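Quick look at start-v8.cif (mmCIF, C-alpha atoms):
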data_structure
loop_
_atom_site.label_atom_id
_atom_site.label_comp_id
_atom_site.auth_asym_id
_atom_site.auth_seq_id
_atom_site.Cartn_x
_atom_site.Cartn_y
_atom_site.Cartn_z
CA MET A 210 155.19 148.81 -149.02
CA PHE A 211 156.17 150.66 -145.84
CA THR A 212 159.39 151.81 -144.15
CA GLY A 213 158.80 151.13 -140.46
CA ILE A 214 159.04 154.85 -139.66
CA VAL A 215 155.87 155.48 -137.66
CA GLU A 216 154.12 158.68 -138.75
CA CYS A 217 151.79 159.11 -135.80
CA MET A 218 150.09 157.26 -132.99
CA GLY A 219 146.33 156.84 -133.14
CA LYS A 220 143.81 155.41 -130.69
CA VAL A 221 141.40 152.55 -131.08
CA ILE A 222 137.76 153.65 -131.19
CA GLU A 223 136.38 150.14 -131.52
CA PHE A 224 137.29 146.63 -132.55
CA ALA A 225 134.17 144.94 -133.89
CA SER A 226 134.29 141.18 -134.35
CA LEU A 227 131.23 141.41 -136.62
CA ASP A 228 130.61 144.71 -138.40
CA THR A 229 127.40 144.54 -140.45
CA THR A 230 127.71 148.04 -141.88
CA GLU A 231 128.63 148.58 -145.54
CA SER A 232 132.16 149.63 -144.60
CA GLY A 233 132.44 146.67 -142.22
CA GLY A 234 131.62 144.11 -144.89
CA ASN A 235 130.03 141.63 -142.44
CA GLY A 236 133.40 140.81 -140.92
CA ALA A 237 135.76 142.12 -138.27
CA SER A 238 136.70 145.80 -138.40
CA LEU A 239 138.89 148.27 -136.56
CA ALA A 240 138.13 151.98 -136.17
CA ILE A 241 140.95 154.40 -135.33
CA SER A 242 140.95 158.05 -134.18
CA GLY A 243 143.74 160.63 -133.84
CA ALA A 244 144.85 160.00 -137.41
CA LYS A 245 144.43 163.50 -138.87
CA ASP A 246 148.13 163.77 -139.75
CA ILE A 247 147.92 160.88 -142.22
CA LEU A 248 144.42 161.35 -143.68
CA ALA A 249 144.75 164.59 -145.65
CA ASP A 250 145.51 162.66 -148.85
CA CYS A 251 143.56 159.51 -147.97
CA HIS A 252 141.26 157.68 -150.41
CA LEU A 253 139.01 154.68 -150.00
CA GLY A 254 141.05 151.57 -150.70
CA ASP A 255 144.34 153.09 -149.53
CA SER A 256 146.70 151.01 -147.41
CA ILE A 257 147.56 152.07 -143.86
CA ALA A 258 149.70 150.00 -141.52
CA ILE A 259 148.23 149.61 -138.02
CA ASN A 260 150.85 148.17 -135.65
CA GLY A 261 152.73 147.06 -138.74
CA THR A 262 149.77 145.31 -140.38
CA CYS A 263 148.86 146.45 -143.89
CA LEU A 264 145.11 147.10 -143.96
CA THR A 265 142.66 148.67 -146.41
CA VAL A 266 140.74 151.86 -145.60
CA THR A 267 136.98 151.31 -146.00
CA GLU A 268 135.73 154.54 -144.41
CA PHE A 269 137.33 157.76 -143.15
CA THR A 270 136.71 161.27 -141.85
CA GLU A 271 139.11 164.14 -141.18
CA ASP A 272 140.44 162.44 -138.03
CA THR A 273 139.21 158.82 -138.07
CA PHE A 274 139.25 155.79 -140.35
CA LYS A 275 138.04 152.21 -140.47
CA VAL A 276 139.64 149.08 -141.89
CA GLY A 277 138.46 145.51 -142.34
CA VAL A 278 140.39 142.73 -140.62
CA ALA A 279 140.47 139.25 -142.19
CA PRO A 280 140.51 136.02 -140.12
CA GLU A 281 144.07 135.26 -141.34
CA THR A 282 145.19 138.66 -140.02
CA LEU A 283 143.54 138.08 -136.66
CA SER A 284 145.27 134.71 -136.32
CA ARG A 285 148.75 136.13 -136.98
CA THR A 286 148.63 139.52 -135.24
CA ASN A 287 147.72 141.18 -131.96
CA LEU A 288 144.95 143.27 -133.56
CA GLY A 289 142.16 141.12 -132.15
CA GLN A 290 143.37 141.93 -128.63
CA LEU A 291 142.98 145.68 -129.10
CA LYS A 292 140.31 147.53 -127.14
CA ALA A 293 138.94 151.07 -127.10
CA GLY A 294 141.57 153.61 -126.06
CA ASP A 295 144.60 151.48 -126.92
CA PRO A 296 147.34 153.40 -128.78
CA VAL A 297 148.48 152.09 -132.17
CA ASN A 298 151.33 152.88 -134.55
CA LEU A 299 150.22 154.29 -137.91
CA GLU A 300 152.05 154.61 -141.22
CA ARG A 301 150.81 155.30 -144.74
CA ALA A 302 152.10 153.29 -147.67
CA LEU A 303 155.41 154.60 -149.02
CA ALA A 304 155.08 157.34 -151.66
CA ALA A 305 157.49 157.50 -154.58
CA GLY A 306 160.16 160.17 -154.22
CA HIS A 307 160.12 160.26 -150.42
CA ARG A 308 163.17 159.68 -148.23
CA PHE A 309 163.47 156.01 -147.20
CA GLY A 310 164.46 156.13 -143.53
CA GLY A 311 163.77 152.63 -142.26
CA HIS A 312 163.81 149.33 -144.17
CA PHE A 313 161.57 147.40 -146.56
CA VAL A 314 158.42 146.53 -144.60
CA GLN A 315 155.58 144.74 -146.36
CA GLY A 316 153.01 144.98 -143.59
CA HIS A 317 152.63 141.19 -143.68
CA ILE A 318 153.04 139.99 -140.10
CA ASP A 319 154.93 136.71 -139.65
CA THR A 320 154.07 136.00 -136.02
CA THR A 321 153.76 137.65 -132.63
CA ALA A 322 156.32 137.76 -129.83
CA GLU A 323 155.95 138.07 -126.07
CA ILE A 324 157.80 140.77 -124.14
CA THR A 325 159.79 138.92 -121.47
CA SER A 326 161.82 141.77 -119.96
CA ILE A 327 162.02 145.57 -120.01
CA THR A 328 165.25 147.11 -118.70
CA PRO A 329 166.09 150.85 -118.62
CA ASP A 330 169.69 151.69 -119.60
CA ALA A 331 170.58 155.39 -119.22
CA ASN A 332 168.04 157.19 -121.45
CA SER A 333 167.31 154.07 -123.54
CA ILE A 334 165.30 150.91 -122.84
CA TRP A 335 166.16 147.26 -123.52
CA PHE A 336 163.29 145.02 -124.62
CA LYS A 337 163.59 141.24 -124.79
CA PHE A 338 161.12 139.18 -126.86
CA ARG A 339 160.29 135.49 -127.11
CA VAL A 340 159.22 134.68 -130.67
CA GLY A 341 155.93 132.83 -131.10
CA ASP A 342 157.12 130.82 -134.11
CA PRO A 343 160.72 129.58 -133.68
CA LYS A 344 160.91 128.88 -137.44
CA LEU A 345 161.32 132.64 -137.88
CA MET A 346 164.63 132.75 -135.98
CA PRO A 347 166.93 132.21 -139.04
CA TYR A 348 165.73 135.59 -140.35
CA ILE A 349 166.50 137.43 -137.10
CA ILE A 350 170.19 138.31 -136.92
CA PRO A 351 172.31 140.66 -134.76
CA LYS A 352 172.41 144.17 -136.28
CA GLY A 353 169.72 143.15 -138.75
CA PHE A 354 166.39 144.88 -139.35
CA ILE A 355 163.11 143.83 -137.76
CA ALA A 356 159.67 145.46 -137.65
CA ILE A 357 157.98 145.34 -134.24
CA ASP A 358 154.41 146.63 -134.25
CA GLY A 359 155.40 148.38 -137.48
CA THR A 360 158.48 150.11 -136.05
CA SER A 361 161.77 149.58 -137.90
CA LEU A 362 164.32 148.55 -135.28
CA THR A 363 167.80 147.07 -135.08
CA VAL A 364 168.23 143.64 -133.52
CA CYS A 365 170.85 143.51 -130.74
CA GLU A 366 171.18 140.03 -129.20
CA VAL A 367 169.81 136.77 -130.62
CA ASN A 368 169.43 133.32 -129.08
CA ASP A 369 168.24 130.85 -131.74
CA GLU A 370 167.94 127.86 -129.38
CA GLU A 371 165.67 129.68 -126.92
CA ALA A 372 163.96 131.75 -129.68
CA TRP A 373 164.53 135.19 -128.19
CA PHE A 374 166.09 138.47 -129.25
CA THR A 375 166.57 141.98 -127.88
CA ILE A 376 166.34 145.54 -129.15
CA MET A 377 167.22 148.89 -127.60
CA LEU A 378 164.74 151.76 -127.90
CA ILE A 379 166.37 155.20 -127.99
CA ALA A 380 164.93 158.24 -126.23
CA TYR A 381 163.49 159.86 -129.39
CA SER A 382 161.60 156.71 -130.40
CA GLN A 383 160.15 156.34 -126.92
CA SER A 384 157.92 159.37 -127.49
CA HIS A 385 156.96 158.51 -131.07
CA VAL A 386 155.94 154.82 -130.95
CA ILE A 387 153.74 152.70 -128.70
CA MET A 388 156.47 150.36 -127.40
CA PRO A 389 156.96 152.19 -124.04
CA THR A 390 153.26 151.68 -123.27
CA LYS A 391 153.78 147.91 -123.34
CA LYS A 392 154.39 145.72 -120.29
CA ILE A 393 155.96 142.31 -119.70
CA GLY A 394 153.68 139.60 -121.07
CA ASP A 395 152.22 141.77 -123.84
CA ARG A 396 152.41 140.46 -127.41
CA VAL A 397 153.74 142.49 -130.33
CA ASN A 398 153.57 141.98 -134.10
CA ILE A 399 156.75 140.73 -135.76
CA GLU A 400 157.78 141.02 -139.41
CA ALA A 401 161.23 139.70 -140.24
CA ASP A 402 163.38 141.34 -142.93
CA MET A 403 161.92 140.30 -146.30
CA LEU A 404 165.34 140.37 -147.99
CA GLY A 405 166.53 137.51 -145.79
CA LYS A 406 163.53 135.43 -146.85
CA TYR A 407 164.22 135.97 -150.56
CA VAL A 408 167.93 135.23 -150.18
CA GLU A 409 167.13 131.95 -148.40
CA LYS A 410 164.64 130.87 -151.06
CA VAL A 411 167.01 131.62 -153.95
CA THR A 412 170.06 130.00 -152.37
CA THR A 413 168.06 126.95 -151.27
CA ALA A 414 166.79 126.46 -154.81
CA ILE A 415 170.34 126.71 -156.15
CA LEU A 416 171.78 124.28 -153.61
CA GLN A 417 169.01 121.71 -153.74
CA GLY A 418 168.47 121.73 -157.49
CA PRO A 419 165.60 119.64 -158.94
CA ALA A 420 163.14 118.18 -156.48
CA ASP A 421 163.49 114.76 -158.11
CA ALA A 422 165.99 112.82 -156.01
CA SER A 423 167.00 110.75 -159.05
CA ALA A 424 168.24 113.95 -160.64
CA GLY A 425 170.58 114.58 -157.73
CA GLY A 426 168.41 117.14 -155.98
CA SER A 427 170.02 117.02 -152.54
CA THR A 428 172.47 119.66 -151.33
CA ALA A 429 175.21 117.05 -151.01
CA ALA A 430 174.64 115.88 -154.59
CA TYR A 431 174.83 119.44 -155.87
CA ILE A 432 178.10 120.07 -154.04
CA ASP A 433 179.50 116.83 -155.49
CA LYS A 434 178.64 118.08 -158.97
CA VAL A 435 180.34 121.42 -158.37
CA VAL A 436 183.50 119.76 -157.00
CA LYS A 437 183.56 117.37 -159.96
CA ARG A 438 183.31 120.23 -162.46
CA VAL A 439 186.11 122.14 -160.73
CA LEU A 440 188.34 119.08 -160.71
CA GLU A 441 187.60 118.31 -164.36
CA GLY A 442 188.36 121.90 -165.28
CA SER A 443 191.70 121.81 -163.46
CA HIS A 444 192.83 118.83 -165.56
CA LYS A 445 192.12 120.49 -168.92
#
When written as structure tokens, how does the structure in this file appear?
Amino acid sequence: MFTGIVECMGKVIEFASLDTTESGGNGASLAISGAKDILADCHLGDSIAINGTCLTVTEFTEDTFKVGVAPETLSRTNLGQLKAGDPVNLERALAAGHRFGGHFVQGHIDTTAEITSITPDANSIWFKFRVGDPKLMPYIIPKGFIAIDGTSLTVCEVNDEEAWFTIMLIAYSQSHVIMPTKKIGDRVNIEADMLGKYVEKVTTAILQGPADASAGGSTAAYIDKVVKRVLEGSHK
């Protein structure tokens, strides 16, 4: 579990599509430098979010660490596009007893989004994104939370039909996250607010009822049942 409050920015040493070393595990791996601030209490097997993606530490030094990257992760994130020297957002897993400054971030990326416009506004910057998977749009709401490359941000405008949304990056954040290094056309990792997903699943289950149609499993059938009960109760 993470908060979306980036602790420091590291730099990519190497993305290896096939790492045959023991720490690479004969799969893809990502090595990061400039991470001294978050490695003092690091252990093998710890979780660190790189651009919002929860990954497992397989090797580390005082300033560097390595993680393995699974095929599923590569297919859903922008990590496979990283090259040596690229900056990345870094955050350790949340520790009990610490101040919770962002929102609940799992580090499980839903999709990527393309930056379609970047517009300065006084000392802030507007970013507009086109979401890669339009099915995610119901979870993106004005003034709601969203994690972009692991940064907890507030959604401003939303257009469900065209699958885009905007955020505004304040001056302080501009010097503490990688977003200002991005350009139009770049892709960023998106994780929608997990609470919205749970609420949808619970309410859908309540409204739809049993999956068996003969049991009246449709939303309309459920509403009919509720209305009938209310009417019956009013006549008692």
### Task
Can you work out the spacing between atom CA of Lys275 of chain A and atom CA of Asp319 of chain A in Å, to one decimal?
22.9 Å
Between segment 212-258 of chain A and segment 340-359 of chain A, at 12 Å or less, what are the per-residue closest atom pairs and their distances in Å? Count all atoms listed in the file, order by chain and rising residue number, and return it as a tab-separated table.
residue	atom	partner	partner_atom	distance
A:Thr212	CA	A:Gly359	CA	8.5
A:Gly213	CA	A:Gly359	CA	5.3
A:Ile214	CA	A:Gly359	CA	7.7
A:Val215	CA	A:Gly359	CA	7.1
A:Glu216	CA	A:Gly359	CA	10.5
A:Cys217	CA	A:Gly359	CA	11.4
A:Met218	CA	A:Gly359	CA	11.3
A:Ile257	CA	A:Gly359	CA	10.8
A:Ala258	CA	A:Gly359	CA	7.2
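The space between atom CA of Gly310 of chain A and atom CA of Gly289 of chain A spans 29.2 Å.
Taking atom CA of Lys292 of chain A and atom CA of Ser242 of chain A as endpoints, the distance between them is 12.7 Å.
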### Task
To verify the selection step, state as a PyMOL selection string which residues the PyMOL selection byres ((chain A and resi 395) around 9) yields on this input.
chain A and resi 322-325+391-394+396-397
Build an axis-aligned box that encloses every atom of segment 313-317 of chain A listed in the file, pad it by 8 Å on each side, and report its centre and edge lengths in Å to one decimal, as lines of an AutoDock Vina configuration file.
center_x = 157.1
center_y = 144.3
center_z = -145.1
size_x = 24.9
size_y = 22.2
size_z = 19.0
### Task
Just the residues within 6 Å of Ala240 of chain A, please, counting only C-alpha atoms, with nothing from its chain fewer than 4 positions along; format it as a PyMOL selection string.
chain A and resi 222-223+274-275
### Task
Spell out the residues picked by the PyMOL selection byres ((chain A and resi 378) around 7) here, as number ranges by chain.
A: 333-335, 376-377, 379-380, 382-383
### Query
Evaluating the PyMOL selection byres ((chain A and resi 243) around 6) on the displayed file yields which residues, as a PyMOL selection string?
chain A and resi 219+242+244-245+272
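In this comparison, which uses all atoms listed in the file, the residue of A:Ser256, A:Phe313, A:Pro389, A:Lys437 approaching Pro329 of chain A most closely is A:Pro389.
Using only C-alpha atoms, the shortest contact distance between Thr321 of chain A and any of A:Asn398, A:Thr262, A:Thr273, A:Ser361 is found at A:Asn398.
Look at segment 276-285 of chain A: the protein and nucleic acid residues within 6 Å of it, using all atoms listed in the file and passing over chain neighbours fewer than 4 places away, are Ala237, Ser238, Leu239, Thr265, Val266, Thr267, Gly289 and Thr320 of chain A.
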At most 10 Å is the cut-off: for each residue in segment 313-418 of chain A with any atom that close to an atom of segment 298-307 of chain A, write down the nearest atom pair and the distance in Å rounded to one decimal, counting all atoms listed in the file, chain first then increasing number, as a Markdown table.
| residue | atom | partner | partner_atom | distance |
| --- | --- | --- | --- | --- |
| A:Phe313 | CA | A:Leu303 | CA | 9.8 |
| A:Val314 | CA | A:Leu303 | CA | 9.7 |
| A:Gln315 | CA | A:Ala302 | CA | 9.3 |
| A:Gly316 | CA | A:Ala302 | CA | 9.3 |
| A:Asp358 | CA | A:Asn298 | CA | 7.0 |
| A:Gly359 | CA | A:Asn298 | CA | 6.7 |
| A:Thr360 | CA | A:Asn298 | CA | 7.8 |
| A:His385 | CA | A:Asn298 | CA | 8.7 |
| A:Val386 | CA | A:Asn298 | CA | 6.2 |
| A:Ile387 | CA | A:Asn298 | CA | 6.3 |
| A:Met388 | CA | A:Asn298 | CA | 9.2 |
Preceding selection exported with C-alpha atoms as an mmCIF file, in the coordinates of the input:
data_model
loop_
_atom_site.group_PDB
_atom_site.id
_atom_site.type_symbol
_atom_site.label_atom_id
_atom_site.label_comp_id
_atom_site.auth_asym_id
_atom_site.auth_seq_id
_atom_site.Cartn_x
_atom_site.Cartn_y
_atom_site.Cartn_z
ATOM 1 C CA PHE A 313 161.570 147.400 -146.560
ATOM 2 C CA VAL A 314 158.420 146.530 -144.600
ATOM 3 C CA GLN A 315 155.580 144.740 -146.360
ATOM 4 C CA GLY A 316 153.010 144.980 -143.590
ATOM 5 C CA ASP A 358 154.410 146.630 -134.250
ATOM 6 C CA GLY A 359 155.400 148.380 -137.480
ATOM 7 C CA THR A 360 158.480 150.110 -136.050
ATOM 8 C CA HIS A 385 156.960 158.510 -131.070
ATOM 9 C CA VAL A 386 155.940 154.820 -130.950
ATOM 10 C CA ILE A 387 153.740 152.700 -128.700
ATOM 11 C CA MET A 388 156.470 150.360 -127.400
#
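In this comparison, which uses only C-alpha atoms, the residue of A:Asp246, A:Asp330, A:Phe336, A:Ile241 approaching Ala293 of chain A most closely is A:Ile241.
Closest approach to Val297 of chain A from the set A:Thr390, A:Ser232, A:Thr270, A:Asn332 is made by A:Thr390, with distances taken over only C-alpha atoms.
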